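Okay, protein.csv is below, CSV, C-alpha atoms:
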```csv
chain,number,residue,atom,x,y,z
R,251,MET,CA,118.5,68.9,120.1
R,252,LEU,CA,115.7,70.3,117.8
R,253,GLN,CA,114.7,73.9,118.2
R,254,THR,CA,111.2,74.5,119.6
R,255,SER,CA,109.7,75.3,116.2
R,256,LEU,CA,111.3,72.3,114.6
R,257,ALA,CA,110.2,70.0,117.4
R,258,SER,CA,106.6,71.2,116.9
R,259,ASP,CA,107.0,70.4,113.2
R,260,TYR,CA,108.3,67.0,114.0
R,261,CYS,CA,105.4,66.3,116.2
R,262,ALA,CA,103.0,67.4,113.4
R,263,LYS,CA,104.8,65.2,110.9
R,264,PHE,CA,104.1,62.1,113.0
R,265,GLY,CA,100.6,63.2,114.1
R,266,ARG,CA,101.8,63.5,117.7
R,267,HIS,CA,100.4,67.0,118.0
R,268,LEU,CA,97.0,65.3,118.0
R,269,LEU,CA,97.8,63.2,121.0
R,270,GLN,CA,98.1,64.1,124.7
R,271,HIS,CA,101.4,65.4,126.1
R,272,GLN,CA,102.6,66.9,122.8
R,273,CYS,CA,106.2,66.0,123.5
R,274,GLU,CA,106.0,66.7,127.2
R,275,LEU,CA,107.5,64.5,129.9
R,276,THR,CA,105.1,61.9,131.1
R,277,PRO,CA,104.8,61.8,134.9
R,278,GLU,CA,106.0,58.7,136.8
R,279,ALA,CA,104.1,56.6,139.3
R,280,ILE,CA,104.8,53.8,141.7
R,281,GLU,CA,106.0,50.4,140.4
R,282,GLY,CA,103.7,48.5,142.7
R,283,PRO,CA,104.5,45.2,144.4
R,284,TYR,CA,104.2,42.8,141.4
R,285,TYR,CA,106.7,43.9,138.7
R,286,LEU,CA,109.0,41.1,137.4
R,287,PRO,CA,111.9,41.6,135.0
R,288,LEU,CA,110.7,38.8,132.7
R,289,ASP,CA,111.9,38.7,129.2
R,290,LEU,CA,108.5,37.9,127.8
R,291,VAL,CA,108.9,39.6,124.4
R,292,ARG,CA,105.4,39.2,122.8
R,293,LYS,CA,102.6,41.3,121.4
R,294,ASP,CA,99.7,39.2,122.7
R,295,ILE,CA,99.9,38.9,126.5
R,296,ARG,CA,96.4,37.5,127.1
R,297,GLU,CA,97.1,33.8,127.4
R,298,ASP,CA,93.9,32.3,128.9
R,299,ARG,CA,92.5,35.4,130.4
R,300,GLN,CA,88.9,36.2,129.5
R,301,GLY,CA,87.7,39.8,129.1
R,302,VAL,CA,87.0,42.6,126.6
R,303,PRO,CA,89.9,42.6,124.1
R,304,LEU,CA,92.1,45.7,124.2
R,305,THR,CA,94.6,46.7,121.6
R,306,LEU,CA,97.1,49.3,122.7
R,307,LYS,CA,99.3,51.4,120.4
R,308,ILE,CA,102.0,53.3,122.4
R,309,LEU,CA,104.3,55.9,120.9
R,310,LEU,CA,107.5,56.7,122.8
R,311,THR,CA,109.3,59.9,122.1
R,312,ASN,CA,112.1,62.0,123.5
R,313,ALA,CA,110.3,64.6,125.5
R,314,ARG,CA,112.9,67.3,124.7
R,315,THR,CA,113.2,66.7,120.9
R,316,CYS,CA,110.0,64.9,120.0
R,317,GLU,CA,112.1,62.4,118.1
R,318,PRO,CA,111.0,58.7,118.3
R,319,LEU,CA,112.8,56.6,120.9
R,320,VAL,CA,114.1,53.6,119.1
R,321,ASN,CA,114.8,50.2,120.7
R,322,VAL,CA,113.4,51.1,124.1
R,323,SER,CA,112.3,48.0,126.1
R,324,PHE,CA,108.8,48.6,127.3
R,325,ASP,CA,107.0,46.4,129.8
R,326,ILE,CA,103.3,46.3,130.7
R,327,TRP,CA,101.6,44.2,133.4
R,328,HIS,CA,98.1,44.4,134.9
R,329,CYS,CA,95.5,42.3,136.7
R,330,ASP,CA,92.8,40.2,135.1
R,331,ALA,CA,89.1,40.9,135.0
R,332,LEU,CA,88.7,39.7,138.6
R,333,GLY,CA,91.7,41.7,140.0
R,334,VAL,CA,94.3,38.9,140.0
R,335,TYR,CA,97.9,39.4,138.9
R,336,SER,CA,99.8,36.5,137.3
R,337,SER,CA,102.8,35.2,139.3
R,338,TYR,CA,101.0,36.4,142.4
R,339,VAL,CA,97.7,34.6,142.2
R,340,ASN,CA,97.7,33.8,145.9
R,341,ALA,CA,98.7,37.3,147.0
R,342,ILE,CA,96.6,40.3,147.9
R,343,PRO,CA,97.6,43.7,146.3
R,344,ASN,CA,98.2,45.6,149.5
R,345,SER,CA,101.7,46.9,149.3
R,346,ASP,CA,103.7,49.5,147.4
R,347,TYR,CA,106.8,47.4,147.7
R,348,HIS,CA,107.9,44.2,145.9
R,349,GLU,CA,106.3,41.0,147.1
R,350,PRO,CA,107.8,37.5,146.7
R,351,ARG,CA,106.4,35.6,143.7
R,352,THR,CA,103.8,32.9,144.4
R,353,ASP,CA,103.7,31.0,141.1
R,354,ASN,CA,105.1,30.8,137.5
R,355,ILE,CA,101.9,31.9,135.7
R,356,THR,CA,102.5,34.8,133.3
R,357,PHE,CA,99.2,36.1,131.9
R,358,LEU,CA,98.9,39.8,131.2
R,359,ARG,CA,102.6,40.5,131.2
R,360,GLY,CA,104.7,41.3,128.3
R,361,ARG,CA,107.6,43.3,126.7
R,362,GLN,CA,108.1,45.0,123.4
R,363,TYR,CA,110.9,47.0,121.8
R,364,THR,CA,110.0,50.3,120.0
R,365,ASN,CA,110.5,50.3,116.2
R,366,GLN,CA,112.1,53.1,114.2
R,367,ASN,CA,109.0,55.3,114.7
R,368,GLY,CA,109.0,54.7,118.5
R,369,ILE,CA,105.9,52.5,118.3
R,370,ILE,CA,104.9,49.4,120.2
R,371,ARG,CA,101.6,47.4,120.2
R,372,PHE,CA,100.1,45.1,122.7
R,373,LYS,CA,97.0,42.8,122.6
R,374,THR,CA,95.5,42.4,126.0
R,375,ILE,CA,92.2,42.6,127.8
R,376,TYR,CA,90.6,45.5,129.5
R,377,PRO,CA,92.0,45.3,133.1
R,378,GLY,CA,89.8,44.7,136.1
R,379,TRP,CA,90.2,46.3,139.5
R,380,TYR,CA,90.9,45.4,143.1
R,381,GLY,CA,90.3,47.1,146.5
R,382,GLY,CA,91.9,50.5,147.0
R,383,ARG,CA,92.9,51.3,143.4
R,384,ALA,CA,91.3,52.6,140.3
R,385,THR,CA,91.5,50.6,137.1
R,386,HIS,CA,95.1,50.8,135.7
R,387,ILE,CA,97.9,49.2,133.7
R,388,HIS,CA,101.5,49.3,134.9
R,389,MET,CA,104.3,50.3,132.5
R,390,GLN,CA,108.1,50.5,132.7
R,391,SER,CA,110.6,51.7,130.1
R,392,HIS,CA,114.3,50.6,129.9
R,393,TYR,CA,117.0,52.1,127.7
R,394,GLY,CA,120.2,50.2,127.6
R,395,ASP,CA,120.9,49.1,131.2
R,396,ARG,CA,118.8,51.8,132.8
R,397,THR,CA,115.2,52.0,133.8
R,398,ILE,CA,114.2,55.4,132.6
R,399,HIS,CA,110.5,55.5,133.5
R,400,THR,CA,107.9,53.8,135.6
R,401,GLY,CA,104.3,54.7,135.4
R,402,GLN,CA,100.6,53.7,135.2
R,403,LEU,CA,98.0,54.1,132.5
R,404,TYR,CA,94.4,54.9,133.4
R,405,PHE,CA,91.0,55.0,131.7
R,406,HIS,CA,88.1,57.4,132.0
R,407,ASP,CA,85.6,56.5,134.7
R,408,THR,CA,82.8,56.4,132.0
R,409,ILE,CA,84.5,53.5,130.3
R,410,ASN,CA,85.3,51.8,133.5
R,411,ASN,CA,81.6,51.9,134.5
R,412,ILE,CA,80.6,50.3,131.2
R,413,MET,CA,83.2,47.5,131.5
R,414,ALA,CA,82.0,46.8,135.1
R,415,ARG,CA,78.6,45.8,133.8
R,416,LEU,CA,80.0,43.2,131.3
R,417,LEU,CA,81.1,39.7,131.8
R,418,PRO,CA,83.4,38.6,133.4
R,419,TYR,CA,84.0,41.9,135.2
R,420,ASN,CA,80.5,41.9,136.7
R,421,MET,CA,81.4,38.7,138.6
R,422,SER,CA,83.8,40.6,140.8
R,423,ASP,CA,82.7,41.4,144.3
R,424,MET,CA,85.5,43.8,145.1
R,425,PRO,CA,84.6,47.5,145.5
R,426,ARG,CA,85.5,49.8,142.7
R,427,MET,CA,87.3,53.1,143.0
R,428,LYS,CA,86.9,56.1,140.8
R,429,ASN,CA,90.1,57.8,139.5
R,430,GLU,CA,89.7,60.9,141.7
R,431,GLU,CA,89.3,58.6,144.8
R,432,ASP,CA,92.6,56.9,144.1
R,433,SER,CA,95.4,58.6,146.0
R,434,GLU,CA,98.1,57.2,143.6
R,435,PHE,CA,96.1,58.7,140.6
R,436,MET,CA,95.8,62.1,142.4
R,437,GLU,CA,99.4,62.3,143.8
R,438,ASN,CA,101.2,61.2,140.6
R,439,LYS,CA,99.2,63.2,138.0
R,440,GLY,CA,97.3,60.2,136.7
R,441,VAL,CA,95.1,62.5,134.7
R,442,ASP,CA,98.1,62.9,132.3
R,443,THR,CA,98.3,59.2,131.7
R,444,ILE,CA,94.6,58.5,130.9
R,445,ILE,CA,94.3,56.8,127.6
R,446,ASN,CA,92.2,59.5,126.0
R,447,TYR,CA,92.2,58.1,122.5
R,448,ILE,CA,90.2,54.9,122.9
R,449,LYS,CA,87.3,53.6,120.8
R,450,PRO,CA,85.3,50.4,120.4
R,451,VAL,CA,85.9,48.1,117.5
R,452,ASP,CA,82.1,47.9,117.1
R,453,ILE,CA,80.2,50.8,118.5
R,454,LYS,CA,77.1,48.7,119.0
R,455,ARG,CA,78.9,45.7,120.6
R,456,ILE,CA,81.5,47.1,122.9
R,457,HIS,CA,82.3,43.6,124.2
R,458,LYS,CA,83.9,42.9,120.8
R,459,GLY,CA,86.9,45.0,121.9
R,460,LEU,CA,88.6,48.4,122.2
R,461,LYS,CA,91.5,50.1,120.5
R,462,GLY,CA,93.6,52.7,122.4
R,463,THR,CA,96.5,55.0,121.5
R,464,ILE,CA,98.7,57.0,123.9
R,465,HIS,CA,101.8,59.0,123.5
R,466,ILE,CA,104.5,58.7,126.2
R,467,GLY,CA,107.2,61.4,126.4
R,468,LEU,CA,110.4,60.2,128.1
R,469,ASN,CA,113.9,61.4,128.9
R,470,PRO,CA,116.3,58.7,127.6
R,471,LYS,CA,119.0,59.9,130.0
R,472,ALA,CA,116.8,59.7,133.1
R,473,LYS,CA,116.9,57.1,135.9
R,474,SER,CA,113.4,56.2,137.2
R,475,LYS,CA,112.9,57.1,140.8
R,476,PHE,CA,110.1,54.6,141.1
R,477,ALA,CA,112.0,51.5,139.9
R,478,TYR,CA,112.7,49.5,143.0
R,479,TYR,CA,112.3,45.9,141.9
R,480,GLY,CA,113.2,43.5,144.8
R,481,ARG,CA,113.2,46.2,147.5
R,482,THR,CA,111.0,45.1,150.4
R,483,SER,CA,111.2,48.2,152.6
R,484,LYS,CA,112.1,51.8,152.6
```
Could you show the structure in this file as structure tokens?
Amino acid sequence: MLQTSLASDYCAKFGRHLLQHQCELTPEAIEGPYYLPLDLVRKDIREDRQGVPLTLKILLTNARTCEPLVNVSFDIWHCDALGVYSSYVNAIPNSDYHEPRTDNITFLRGRQYTNQNGIIRFKTIYPGWYGGRATHIHMQSHYGDRTIHTGQLYFHDTINNIMARLLPYNMSDMPRMKNEEDSEFMENKGVDTIINYIKPVDIKRIHKGLKGTIHIGLNPKAKSKFAYYGRTSK
């Protein structure tokens, strides 16, 4: 393991000292009812979904050493602009525990493996929302045969408010919830997984797309306490 001073130097070398967490362990959050262990290895997960383009750059590092985590399998999944999850288009998001799949649709789901610098990238759309939750993206990390982290990414309410006024988001009739009103956000330190480094591709035309970067600090020896795929009850 790197000494503290060396770890700080390592963070500075890769620019990680400029990002949130600064080699700290990223908090976990619930998996939710709609995770599926699909081997959809792809960068672009949009398929036919309409919405504001969002490019995510995610850096995964060992929270104790600041070294990049190489060959970590990283899944993301989220709802579309109208609050619908693929594989569950006929379901209503109202449970913390896994629900039976309703279809074989796969939009806005994907997996990437970290490169030698611990980096993965996804092309998606800005997520919509549904009743009872703030806007979020689910994430899960796997190292070898273990799930080492389960969590959720969030956005600042200011950006969520702007998105809600644009097509097709403004076609939703579901009530929106601010981050601080979301019990999951509050209980699981969602403030630490807000994508702080996010900017529009064109400042005058935000509908053209956004680019976001976030640093995730993980323990490669951990076992996620929120990974319960297939479990239907406590």
Residues of range 367-470 of chain R at most 6 Å from range 285-298 of chain R: nearest atom pair and distance in Å, all atoms listed in the file, as a Markdown table:
```
| residue | atom | partner | partner_atom | distance |
| --- | --- | --- | --- | --- |
| R:Phe372 | CA | R:Lys293 | CA | 4.7 |
| R:Lys373 | CA | R:Asp294 | CA | 4.5 |
| R:Thr374 | CA | R:Arg296 | CA | 5.1 |
```
Notebook entry, point to check: Counting only C-alpha atoms, which of R:Met389, R:Val441, R:Met427, R:Cys273 gets nearest to Ser323 in chain R?
Noted result: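 Among R:Met389, R:Val441, R:Met427, R:Cys273, it is R:Met389 that comes nearest to Ser323 in chain R.
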Checklist line | Given only C-alpha atoms as the counted atoms, nearest of R:Arg383, R:Arg314, R:His392, R:Lys471 to Arg361 in chain R | finding: R:His392
Select all residues near (82.2, 48.5, 144.6) (cut-off 10 Å, inclusive, file coordinates), counting all atoms listed in the file, and output them as a PDB file with C-alpha atoms, in the frame of the given file.
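That gives us out_33.pdb:
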```pdb
ATOM      1  CA  TRP R 379      90.200  46.300 139.500  1.00  0.00           C
ATOM      2  CA  TYR R 380      90.900  45.400 143.100  1.00  0.00           C
ATOM      3  CA  GLY R 381      90.300  47.100 146.500  1.00  0.00           C
ATOM      4  CA  ALA R 414      82.000  46.800 135.100  1.00  0.00           C
ATOM      5  CA  SER R 422      83.800  40.600 140.800  1.00  0.00           C
ATOM      6  CA  ASP R 423      82.700  41.400 144.300  1.00  0.00           C
ATOM      7  CA  MET R 424      85.500  43.800 145.100  1.00  0.00           C
ATOM      8  CA  PRO R 425      84.600  47.500 145.500  1.00  0.00           C
ATOM      9  CA  ARG R 426      85.500  49.800 142.700  1.00  0.00           C
ATOM     10  CA  MET R 427      87.300  53.100 143.000  1.00  0.00           C
ATOM     11  CA  LYS R 428      86.900  56.100 140.800  1.00  0.00           C
TER      12      LYS R 428
END
```
Next item on the list: Would you please work out which residue, of R:His328, R:Arg359, R:His406, R:Arg396, is nearest to Pro377 in chain R when using only C-alpha atoms?
Entry: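 The shortest atom-to-atom distance to Pro377 in chain R comes from R:His328.
Residues near the point (88.2, 48.4, 122.3), at a distance of 7 Å or less over only C-alpha atoms, make up Pro303, Leu304, Thr305, Ile448, Lys449, Pro450, Val451, Ile456, Gly459, Leu460, Lys461 and Gly462 of chain R.
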Next item on the list: Tell me, in Å to one decimal, how far CA of Pro318 in chain R is from CA of Thr397 in chain R.
Entry: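 If I compute the distance from CA of Pro318 in chain R to CA of Thr397 in chain R, I get 17.4 Å.
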